[in-house]
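Asks: So that you have it, the file is structure-v8.csv, and it contains CSV, C-alpha atoms (C1' of nucleotides):
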chain,number,residue,atom,x,y,z
V,23,MET,CA,81.0,87.3,74.0
V,24,VAL,CA,81.2,91.0,74.6
V,25,PRO,CA,83.9,92.0,77.2
V,26,GLU,CA,82.6,94.3,79.9
V,27,ILE,CA,83.6,96.0,83.1
V,28,PRO,CA,82.4,94.1,86.1
V,29,GLU,CA,79.2,95.5,87.5
V,30,GLN,CA,79.6,98.2,90.1
V,31,CYS,CA,79.0,96.1,93.2
V,32,CYS,CA,78.3,98.8,95.8
V,33,SER,CA,78.5,102.5,96.3
V,34,LEU,CA,81.2,104.3,98.2
V,35,LEU,CA,80.2,107.3,100.1
V,36,ILE,CA,83.2,109.6,100.6
V,37,SER,CA,83.3,113.3,100.0
V,38,ASP,CA,86.0,115.0,98.1
V,39,SER,CA,87.3,116.8,101.1
V,40,ASP,CA,87.3,113.7,103.2
V,41,LEU,CA,89.2,111.9,100.5
V,42,GLN,CA,91.8,114.7,100.4
V,43,ALA,CA,92.2,114.7,104.2
V,44,LEU,CA,92.6,110.9,104.2
V,45,VAL,CA,95.2,111.0,101.5
V,46,ALA,CA,97.1,113.7,103.3
V,47,MET,CA,97.1,111.7,106.6
V,48,CYS,CA,98.3,108.6,104.8
V,49,LYS,CA,101.0,110.5,103.0
V,50,ALA,CA,102.2,112.1,106.2
V,51,LEU,CA,102.3,108.7,107.9
V,52,GLY,CA,104.0,107.1,104.9
V,53,ASN,CA,107.5,108.2,105.9
V,54,PRO,CA,109.6,106.3,108.4
V,55,THR,CA,110.9,109.3,110.2
V,56,ARG,CA,107.4,110.8,110.7
V,57,PHE,CA,106.2,107.4,111.8
V,58,GLU,CA,109.0,107.4,114.4
V,59,ILE,CA,108.0,110.8,115.6
V,60,LEU,CA,104.4,109.7,116.0
V,61,LYS,CA,105.5,106.6,117.9
V,62,PHE,CA,107.6,108.8,120.2
V,63,LEU,CA,104.6,111.1,120.8
V,64,ILE,CA,102.4,108.2,121.7
V,65,THR,CA,104.8,107.1,124.4
V,66,HIS,CA,105.9,110.7,125.4
V,67,PRO,CA,102.8,112.9,125.1
V,68,GLY,CA,103.4,116.5,125.7
V,69,CYS,CA,107.1,116.5,124.9
V,70,ILE,CA,108.7,119.4,123.1
V,71,THR,CA,110.5,119.7,119.7
V,72,GLY,CA,113.9,119.5,121.4
V,73,ASP,CA,113.1,116.1,122.9
V,74,ILE,CA,112.4,114.7,119.5
V,75,VAL,CA,115.5,116.3,118.1
V,76,ASP,CA,117.5,114.6,120.9
V,77,TYR,CA,115.9,111.3,120.2
V,78,LEU,CA,116.3,111.2,116.4
V,79,PRO,CA,119.6,111.4,114.5
V,80,ILE,CA,118.5,114.2,112.3
V,81,ALA,CA,118.8,118.0,112.3
V,82,GLN,CA,116.5,120.3,114.2
V,83,ALA,CA,115.3,121.9,111.0
V,84,THR,CA,114.3,118.6,109.6
V,85,VAL,CA,112.4,117.6,112.7
V,86,SER,CA,110.5,120.9,112.6
V,87,GLN,CA,109.6,120.3,109.0
V,88,HIS,CA,108.3,116.8,109.7
V,89,LEU,CA,106.3,118.2,112.7
V,90,LYS,CA,104.7,120.7,110.4
V,91,VAL,CA,103.7,118.0,107.9
V,92,LEU,CA,102.2,115.9,110.8
V,93,ARG,CA,100.4,118.9,112.2
V,94,ASP,CA,99.0,120.0,108.8
V,95,ALA,CA,97.7,116.5,108.1
V,96,GLY,CA,96.0,116.4,111.5
V,97,TRP,CA,98.0,113.8,113.4
V,98,ILE,CA,99.3,116.1,116.0
V,99,GLN,CA,98.6,119.4,117.8
V,100,GLY,CA,101.2,121.8,119.0
V,101,GLU,CA,100.9,124.2,121.9
V,102,THR,CA,103.3,127.0,122.5
V,103,LYS,CA,104.7,127.0,126.1
V,104,GLY,CA,107.2,129.8,126.5
V,105,PRO,CA,109.8,129.5,123.9
V,106,ALA,CA,109.0,125.8,123.4
V,107,THR,CA,106.2,123.9,121.7
V,108,CYS,CA,104.6,120.9,123.3
V,109,TYR,CA,103.2,118.3,121.0
V,110,CYS,CA,100.6,115.7,121.4
V,111,LEU,CA,98.4,113.5,119.3
V,112,ASP,CA,95.2,115.0,117.8
V,113,ARG,CA,92.9,112.4,119.3
V,114,ALA,CA,89.7,113.6,117.5
V,115,LYS,CA,91.3,113.6,114.1
V,116,ILE,CA,93.0,110.2,114.6
V,117,ASP,CA,89.7,108.7,115.7
V,118,TRP,CA,88.1,110.2,112.6
V,119,PHE,CA,90.8,108.6,110.5
V,120,LYS,CA,90.2,105.2,112.0
V,121,ARG,CA,86.4,105.5,111.5
V,122,LYS,CA,86.8,106.5,107.9
V,123,VAL,CA,89.3,103.8,107.1
V,124,GLY,CA,87.1,101.3,108.9
V,125,ALA,CA,84.1,102.3,107.0
V,126,MET,CA,85.8,102.4,103.6
V,127,PHE,CA,87.5,99.0,103.6
W,1,MET,CA,114.3,123.3,138.2
W,2,VAL,CA,115.8,120.7,136.0
W,3,PRO,CA,114.2,120.4,132.5
W,4,GLU,CA,113.4,116.9,131.6
W,5,ILE,CA,111.7,114.8,128.9
W,6,PRO,CA,108.2,113.7,130.0
W,7,GLU,CA,108.1,110.2,131.4
W,8,GLN,CA,107.4,107.5,128.9
W,9,CYS,CA,103.8,106.8,129.6
W,10,CYS,CA,103.4,103.5,127.9
W,11,SER,CA,105.1,100.9,125.8
W,12,LEU,CA,104.4,100.4,122.1
W,13,LEU,CA,104.7,96.9,120.8
W,14,ILE,CA,105.4,97.0,117.2
W,15,SER,CA,108.1,95.0,115.4
W,16,ASP,CA,110.4,96.5,112.8
W,17,SER,CA,108.9,94.5,110.0
W,18,ASP,CA,105.4,95.5,111.0
W,19,LEU,CA,106.5,99.1,111.1
W,20,GLN,CA,108.0,98.9,107.6
W,21,ALA,CA,104.9,97.2,106.2
W,22,LEU,CA,102.6,99.9,107.8
W,23,VAL,CA,104.7,102.7,106.4
W,24,ALA,CA,104.7,101.1,103.0
W,25,MET,CA,100.9,100.8,103.1
W,26,CYS,CA,100.4,104.3,104.2
W,27,LYS,CA,102.8,105.6,101.6
W,28,ALA,CA,101.0,103.7,98.9
W,29,LEU,CA,97.7,105.1,99.9
W,30,GLY,CA,99.1,108.6,100.3
W,31,ASN,CA,98.7,109.4,96.6
W,32,PRO,CA,95.4,110.6,95.2
W,33,THR,CA,95.6,108.5,92.0
W,34,ARG,CA,96.3,105.3,93.9
W,35,PHE,CA,93.5,106.1,96.3
W,36,GLU,CA,91.2,106.5,93.3
W,37,ILE,CA,92.3,103.1,92.0
W,38,LEU,CA,91.6,101.5,95.3
W,39,LYS,CA,88.2,103.2,95.4
W,40,PHE,CA,87.5,101.8,92.0
W,41,LEU,CA,88.5,98.3,93.0
W,42,ILE,CA,86.2,98.5,96.0
W,43,THR,CA,83.2,99.2,93.8
W,44,HIS,CA,84.5,97.0,90.9
W,45,PRO,CA,86.2,94.0,92.3
W,46,GLY,CA,87.8,91.7,89.8
W,47,CYS,CA,88.2,94.3,87.1
W,48,ILE,CA,91.2,94.3,84.8
W,49,THR,CA,94.0,96.8,84.3
W,50,GLY,CA,92.3,98.1,81.1
W,51,ASP,CA,89.1,99.0,83.0
W,52,ILE,CA,91.1,101.2,85.3
W,53,VAL,CA,93.0,102.7,82.4
W,54,ASP,CA,89.6,103.5,80.8
W,55,TYR,CA,88.3,105.0,84.0
W,56,LEU,CA,91.3,107.2,84.8
W,57,PRO,CA,92.7,110.0,82.6
W,58,ILE,CA,96.3,108.7,82.8
W,59,ALA,CA,98.5,106.5,80.6
W,60,GLN,CA,98.5,102.7,80.7
W,61,ALA,CA,102.1,102.6,81.9
W,62,THR,CA,101.3,104.9,84.8
W,63,VAL,CA,98.3,102.8,85.9
W,64,SER,CA,100.5,99.7,85.7
W,65,GLN,CA,103.1,101.4,87.8
W,66,HIS,CA,100.6,102.4,90.5
W,67,LEU,CA,99.1,98.9,90.5
W,68,LYS,CA,102.5,97.6,91.2
W,69,VAL,CA,103.0,99.9,94.2
W,70,LEU,CA,99.6,98.9,95.6
W,71,ARG,CA,100.4,95.3,95.1
W,72,ASP,CA,103.8,95.5,96.6
W,73,ALA,CA,102.4,97.3,99.6
W,74,GLY,CA,99.7,94.7,100.1
W,75,TRP,CA,96.5,96.5,99.3
W,76,ILE,CA,95.6,94.5,96.2
W,77,GLN,CA,96.1,91.1,94.6
W,78,GLY,CA,96.4,90.4,90.9
W,79,GLU,CA,95.5,87.3,89.1
W,80,THR,CA,96.5,86.5,85.6
W,81,LYS,CA,93.6,85.5,83.4
W,82,GLY,CA,94.6,85.0,79.9
W,83,PRO,CA,96.4,88.1,78.7
W,84,ALA,CA,94.7,90.2,81.3
W,85,THR,CA,95.2,90.7,85.0
W,86,CYS,CA,92.2,90.8,87.4
W,87,TYR,CA,92.7,92.8,90.5
W,88,CYS,CA,90.9,92.8,93.8
W,89,LEU,CA,91.6,93.9,97.4
W,90,ASP,CA,93.9,91.9,99.6
W,91,ARG,CA,91.3,91.4,102.3
W,92,ALA,CA,93.7,89.7,104.8
W,93,LYS,CA,96.3,92.4,104.5
W,94,ILE,CA,93.8,95.2,104.7
W,95,ASP,CA,92.3,93.7,107.9
W,96,TRP,CA,95.8,93.4,109.3
W,97,PHE,CA,96.3,97.1,108.5
W,98,LYS,CA,93.1,98.1,110.3
W,99,ARG,CA,94.0,96.0,113.3
W,100,LYS,CA,97.5,97.4,113.6
W,101,VAL,CA,96.4,101.0,113.2
W,102,GLY,CA,93.6,100.4,115.7
W,103,ALA,CA,96.0,98.9,118.2
W,104,MET,CA,98.6,101.6,117.8
W,105,PHE,CA,96.6,104.8,118.2
Z,2,DT,C1',117.3,145.8,127.1
Z,3,DT,C1',120.7,142.6,126.4
Z,4,DT,C1',121.3,137.6,126.4
Z,5,DA,C1',119.9,132.9,126.2
Z,6,DT,C1',116.8,129.4,124.8
Z,7,DT,C1',113.8,127.1,121.6
Z,8,DA,C1',111.5,126.5,117.2
Z,9,DA,C1',110.2,127.9,112.8
Z,10,DT,C1',111.4,129.4,108.3
Z,11,DC,C1',114.6,130.2,104.3
Z,12,DG,C1',117.4,128.8,100.6
Z,13,DT,C1',119.3,124.9,98.4
Z,14,DA,C1',121.5,120.4,97.1
Z,15,DA,C1',120.5,115.6,96.6
Z,16,DT,C1',117.2,112.1,96.1
Z,17,DA,C1',112.7,110.0,95.1
Z,18,DA,C1',108.2,109.9,92.9
Z,19,DT,C1',105.4,110.6,89.0
Z,20,DA,C1',104.1,110.5,84.3
Z,21,DC,C1',104.9,109.5,79.6
Z,22,DG,C1',105.9,107.1,75.0
Z,23,DA,C1',108.2,103.1,73.4
Z,24,DT,C1',109.3,98.5,73.8
Z,25,DT,C1',108.9,93.9,75.6
Z,26,DT,C1',106.6,90.0,77.5
Z,27,DA,C1',102.8,86.7,77.9
Z,28,DA,C1',98.7,84.4,76.6
Z,29,DC,C1',95.6,83.2,73.3
Z,30,DC,C1',93.5,82.3,68.6
Z,31,DC,C1',93.9,81.3,63.8
P,3,DG,C1',104.5,79.3,63.3
P,4,DG,C1',102.3,84.6,62.6
P,5,DG,C1',98.8,87.9,64.5
P,6,DT,C1',96.2,89.9,68.3
P,7,DT,C1',95.3,91.6,72.8
P,8,DA,C1',96.6,93.0,77.4
P,9,DA,C1',99.8,94.4,80.7
P,10,DA,C1',104.4,94.9,82.4
P,11,DT,C1',108.8,97.0,82.0
P,12,DC,C1',112.3,100.4,80.2
P,13,DG,C1',114.3,104.9,79.7
P,14,DT,C1',113.7,109.5,80.8
P,15,DA,C1',111.9,114.3,81.7
P,16,DT,C1',109.5,116.8,85.2
P,17,DT,C1',108.2,117.6,89.7
P,18,DA,C1',108.1,116.8,94.7
P,19,DT,C1',110.3,115.4,98.9
P,20,DT,C1',113.9,115.2,102.1
P,21,DA,C1',117.7,116.9,104.4
P,22,DC,C1',120.9,120.3,105.8
P,23,DG,C1',123.1,124.8,107.6
P,24,DA,C1',122.0,129.5,108.3
P,25,DT,C1',118.9,132.8,109.7
P,26,DT,C1',114.9,134.7,111.9
P,27,DA,C1',111.2,135.0,115.4
P,28,DA,C1',109.4,134.6,119.8
P,29,DT,C1',109.6,134.0,124.7
P,30,DA,C1',111.8,134.3,129.0
P,31,DA,C1',115.5,135.4,132.2
P,32,DA,C1',119.2,138.3,133.9
Would you mind writing the file's structure down as structure tokens?

Replies:
Amino acid sequence: MVPEIPEQCCSLLISDSDLQALVAMCKALGNPTRFEILKFLITHPGCITGDIVDYLPIAQATVSQHLKVLRDAGWIQGETKGPATCYCLDRAKIDWFKRKVGAMF
Amino acid sequence: MVPEIPEQCCSLLISDSDLQALVAMCKALGNPTRFEILKFLITHPGCITGDIVDYLPIAQATVSQHLKVLRDAGWIQGETKGPATCYCLDRAKIDWFKRKVGAMF
DNA sequence: TTTATTAATCGTAATAATACGATTTAACCC
DNA sequence: GGGTTAAATCGTATTATTACGATTAATAAA
């Protein structure tokens, strides 16, 4: 009996750029602190960086760094308002994420 | 005018253990190689470690390590079959993941 | 235009993740 | 029992992530 790889059972339509974006979003969410930040933004939409700094037991520089990761990945959007930055979820990108994950698995 | 944190707009029901499990699953998926492995398992359910080793340009030890991460996080299940291990998706856990993500965002 | 407020960025130390070859473990066949 | 095959684990080098204090940039207020 010849050993063989199981037949490919189906195709999987996902572009390279979609894959990269999905991985980046997962990676961003795969950190407890960033998950907490996202949770906070869900319940406190439009809050500023300082609110998150007050809420979490970590330094301002670290929060800012995490916000950048979440922003780059597409989870959140930041809007400059005077000297502050208001953050909220990036609805469109999050919906895209849910659609892609749903379609893939 | 007194500055203030925006009102909490809603509650977010998620237990500590659920949160940990979600973060672990995202972290596991947030790596391009592991994402590729998962993609391969979607299209080749029931394949063995060696099939994945043949498919990917990385060492056997590394593949095994990644499979462990995916298994620990709950994405896949492994079944010993003689000297080999057959892997397939952990449907129940993946469905749970999709439900939780859907409910949260 | 100085001063205050808020965030972002820089430089860097500590920790974690990734990859590898080598070795060990486990199941099977003779 | 040896011998074979397949995968897991070990030890370790390299790279990436995370966290911090210090500094800089940007806006607004006095």

Asks: What's the 10 Å shell around Z:DA5, counting all atoms listed in the file, without same-chain residues fewer than 4 positions away, as JSON, numbers by chain?

Replies: {"P": [30, 31, 32]}

Asks: Can I get the selection written as a tab-separated table (two decimals), in the coordinates of the input, with C-alpha atoms (C1' of nucleotides)?

Replies:
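The resulting file, again_35.tsv, is reproduced below:
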chain	number	residue	atom	x	y	z
P	30	DA	C1'	111.80	134.30	129.00
P	31	DA	C1'	115.50	135.40	132.20
P	32	DA	C1'	119.20	138.30	133.90

Asks: Hey, can you check how far atom CA of W:Lys68 sits from atom CA of W:Ala92?

Replies: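 Computing the Euclidean distance for atom CA of W:Lys68 and atom CA of W:Ala92 yields 18.0 Å.
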
Asks: Kindly provide, as a PyMOL selection string, the polymer residues lying within 12 Å of (89.4, 99.1, 93.4), counting only C-alpha atoms (C1' of nucleotides) and using the coordinates exactly as they appear in the file.

Replies: (chain V and resi 28+30-34+126-127) or (chain W and resi 33-49+51-52+55-56+67+70-71+75-78+86-91)

Asks: With C-alpha atoms kept, could you save the residues just selected as a PDB file, in the coordinates of the input?

Replies:
ATOM      1  CA  PRO V  28      82.400  94.100  86.100  1.00  0.00           C
ATOM      2  CA  GLN V  30      79.600  98.200  90.100  1.00  0.00           C
ATOM      3  CA  CYS V  31      79.000  96.100  93.200  1.00  0.00           C
ATOM      4  CA  CYS V  32      78.300  98.800  95.800  1.00  0.00           C
ATOM      5  CA  SER V  33      78.500 102.500  96.300  1.00  0.00           C
ATOM      6  CA  LEU V  34      81.200 104.300  98.200  1.00  0.00           C
ATOM      7  CA  MET V 126      85.800 102.400 103.600  1.00  0.00           C
ATOM      8  CA  PHE V 127      87.500  99.000 103.600  1.00  0.00           C
TER       9      PHE V 127
ATOM     10  CA  THR W  33      95.600 108.500  92.000  1.00  0.00           C
ATOM     11  CA  ARG W  34      96.300 105.300  93.900  1.00  0.00           C
ATOM     12  CA  PHE W  35      93.500 106.100  96.300  1.00  0.00           C
ATOM     13  CA  GLU W  36      91.200 106.500  93.300  1.00  0.00           C
ATOM     14  CA  ILE W  37      92.300 103.100  92.000  1.00  0.00           C
ATOM     15  CA  LEU W  38      91.600 101.500  95.300  1.00  0.00           C
ATOM     16  CA  LYS W  39      88.200 103.200  95.400  1.00  0.00           C
ATOM     17  CA  PHE W  40      87.500 101.800  92.000  1.00  0.00           C
ATOM     18  CA  LEU W  41      88.500  98.300  93.000  1.00  0.00           C
ATOM     19  CA  ILE W  42      86.200  98.500  96.000  1.00  0.00           C
ATOM     20  CA  THR W  43      83.200  99.200  93.800  1.00  0.00           C
ATOM     21  CA  HIS W  44      84.500  97.000  90.900  1.00  0.00           C
ATOM     22  CA  PRO W  45      86.200  94.000  92.300  1.00  0.00           C
ATOM     23  CA  GLY W  46      87.800  91.700  89.800  1.00  0.00           C
ATOM     24  CA  CYS W  47      88.200  94.300  87.100  1.00  0.00           C
ATOM     25  CA  ILE W  48      91.200  94.300  84.800  1.00  0.00           C
ATOM     26  CA  THR W  49      94.000  96.800  84.300  1.00  0.00           C
ATOM     27  CA  ASP W  51      89.100  99.000  83.000  1.00  0.00           C
ATOM     28  CA  ILE W  52      91.100 101.200  85.300  1.00  0.00           C
ATOM     29  CA  TYR W  55      88.300 105.000  84.000  1.00  0.00           C
ATOM     30  CA  LEU W  56      91.300 107.200  84.800  1.00  0.00           C
ATOM     31  CA  LEU W  67      99.100  98.900  90.500  1.00  0.00           C
ATOM     32  CA  LEU W  70      99.600  98.900  95.600  1.00  0.00           C
ATOM     33  CA  ARG W  71     100.400  95.300  95.100  1.00  0.00           C
ATOM     34  CA  TRP W  75      96.500  96.500  99.300  1.00  0.00           C
ATOM     35  CA  ILE W  76      95.600  94.500  96.200  1.00  0.00           C
ATOM     36  CA  GLN W  77      96.100  91.100  94.600  1.00  0.00           C
ATOM     37  CA  GLY W  78      96.400  90.400  90.900  1.00  0.00           C
ATOM     38  CA  CYS W  86      92.200  90.800  87.400  1.00  0.00           C
ATOM     39  CA  TYR W  87      92.700  92.800  90.500  1.00  0.00           C
ATOM     40  CA  CYS W  88      90.900  92.800  93.800  1.00  0.00           C
ATOM     41  CA  LEU W  89      91.600  93.900  97.400  1.00  0.00           C
ATOM     42  CA  ASP W  90      93.900  91.900  99.600  1.00  0.00           C
ATOM     43  CA  ARG W  91      91.300  91.400 102.300  1.00  0.00           C
TER      44      ARG W  91
END

Asks: Distance cut-off 12 Å, counting only C-alpha atoms (C1' of nucleotides) - which residues of chain V neighbour chain P? Return them as a list in words.

Replies: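 Filtering chain V at 12 Å from chain P with only C-alpha atoms (C1' of nucleotides) gives Lys49, Ala50, Asn53, Pro54, Thr55, Arg56, Pro79, Ile80, Ala81, Gln82, Ala83, Thr84, Val85, Ser86, Gln87, His88, Val91, Thr102, Lys103, Gly104, Pro105, Ala106 and Thr107 of chain V.
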
Asks: Give me a file of those residues, with C-alpha atoms, as a compact mmCIF listing (two decimals), in the frame of the given file.

Replies:
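Wrote it out as result_1.txt, contents follow:
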# COMPACT_ATOMS: atom_id res chain seq x y z
CA LYS V 49 101.00 110.50 103.00
CA ALA V 50 102.20 112.10 106.20
CA ASN V 53 107.50 108.20 105.90
CA PRO V 54 109.60 106.30 108.40
CA THR V 55 110.90 109.30 110.20
CA ARG V 56 107.40 110.80 110.70
CA PRO V 79 119.60 111.40 114.50
CA ILE V 80 118.50 114.20 112.30
CA ALA V 81 118.80 118.00 112.30
CA GLN V 82 116.50 120.30 114.20
CA ALA V 83 115.30 121.90 111.00
CA THR V 84 114.30 118.60 109.60
CA VAL V 85 112.40 117.60 112.70
CA SER V 86 110.50 120.90 112.60
CA GLN V 87 109.60 120.30 109.00
CA HIS V 88 108.30 116.80 109.70
CA VAL V 91 103.70 118.00 107.90
CA THR V 102 103.30 127.00 122.50
CA LYS V 103 104.70 127.00 126.10
CA GLY V 104 107.20 129.80 126.50
CA PRO V 105 109.80 129.50 123.90
CA ALA V 106 109.00 125.80 123.40
CA THR V 107 106.20 123.90 121.70

Asks: Just to confirm, what's the straight-line distance from atom CA of V:Gly96 to atom CA of W:Phe97 in Å (one decimal)?

Replies: 19.5 Å

Asks: Residues of chain Z within 9 Å of chain V, counting all atoms listed in the file - could you list those as a compact mmCIF listing (two decimals) with C-alpha atoms (C1' of nucleotides), keeping the file's coordinate frame?

Replies:
# COMPACT_ATOMS: atom_id res chain seq x y z
C1' DT Z 6 116.80 129.40 124.80
C1' DT Z 7 113.80 127.10 121.60
C1' DA Z 8 111.50 126.50 117.20
C1' DA Z 9 110.20 127.90 112.80
C1' DT Z 10 111.40 129.40 108.30

Asks: Any idea what the distance is between atom CA of V:Gly52 and atom CA of W:Leu22?

Replies: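 Atom CA of V:Gly52 sits 7.9 Å away from atom CA of W:Leu22.
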
Asks: Rank nothing, just name the residue among V:Ile36, V:Val75, V:Cys48, V:Ala43 nearest to chain W, using only C-alpha atoms.

Replies: V:Cys48

Asks: Give the answer as one residue: which of V:Ala125, V:Asp76, V:Trp118, V:Ala46 has the shortest atom-to-atom distance to chain W, using all atoms listed in the file?

Replies: V:Ala46

Asks: Which residue out of V:Glu101, V:Gly124, V:Ser39, V:Ala95 has the minimum interatomic distance to chain W when only C-alpha atoms are used?

Replies: V:Gly124

Asks: For a quick check of understanding, using all atoms listed in the file, which of V:Met47, V:Lys122, V:Ser37, V:Asp94 has the smallest distance to chain W?

Replies: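 Going through V:Met47, V:Lys122, V:Ser37, V:Asp94 one by one, the smallest distance to chain W is for V:Met47.
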
Asks: Pick out the closest residue to chain W from this set: V:Leu51, V:Leu35, V:Arg121, V:Lys115. Count only C-alpha atoms.

Replies: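 Checking each of V:Leu51, V:Leu35, V:Arg121, V:Lys115 against chain W, counting only C-alpha atoms, the winner is V:Leu51.
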
Asks: Since the input has fewer atoms than a full residue there, write stretch 109-122 of chain V out with N, CA and C atoms, as a short mmCIF file (atom, residue, chain, number, x, y, z; two decimals), in the coordinates of the input.

Replies:
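Now in rebuild24.cif:
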data_model
loop_
_atom_site.label_atom_id
_atom_site.label_comp_id
_atom_site.auth_asym_id
_atom_site.auth_seq_id
_atom_site.Cartn_x
_atom_site.Cartn_y
_atom_site.Cartn_z
N TYR V 109 104.01 119.03 121.95
CA TYR V 109 103.20 118.30 121.00
C TYR V 109 102.49 117.12 121.56
N CYS V 110 101.29 116.89 121.06
CA CYS V 110 100.60 115.70 121.40
C CYS V 110 99.70 115.23 120.26
N LEU V 111 99.21 114.02 120.33
CA LEU V 111 98.40 113.50 119.30
C LEU V 111 97.06 114.30 119.17
N ASP V 112 96.53 114.41 117.98
CA ASP V 112 95.20 115.00 117.80
C ASP V 112 94.20 113.87 117.81
N ARG V 113 93.77 113.56 119.01
CA ARG V 113 92.90 112.40 119.30
C ARG V 113 91.66 112.41 118.34
N ALA V 114 90.99 113.55 118.24
CA ALA V 114 89.70 113.60 117.50
C ALA V 114 89.99 113.28 116.02
N LYS V 115 91.05 113.85 115.47
CA LYS V 115 91.30 113.60 114.10
C LYS V 115 91.77 112.17 113.82
N ILE V 116 92.52 111.62 114.75
CA ILE V 116 93.00 110.20 114.60
C ILE V 116 91.78 109.28 114.69
N ASP V 117 90.86 109.57 115.61
CA ASP V 117 89.70 108.70 115.70
C ASP V 117 88.84 108.83 114.41
N TRP V 118 88.78 110.04 113.87
CA TRP V 118 88.10 110.20 112.60
C TRP V 118 88.74 109.39 111.50
N PHE V 119 90.06 109.40 111.47
CA PHE V 119 90.80 108.60 110.50
C PHE V 119 90.47 107.13 110.60
N LYS V 120 90.49 106.64 111.83
CA LYS V 120 90.20 105.20 112.00
C LYS V 120 88.78 104.86 111.62
N ARG V 121 87.84 105.75 111.94
CA ARG V 121 86.40 105.50 111.50
C ARG V 121 86.32 105.45 110.02
N LYS V 122 86.93 106.43 109.33
CA LYS V 122 86.80 106.50 107.90
C LYS V 122 87.45 105.30 107.20
#
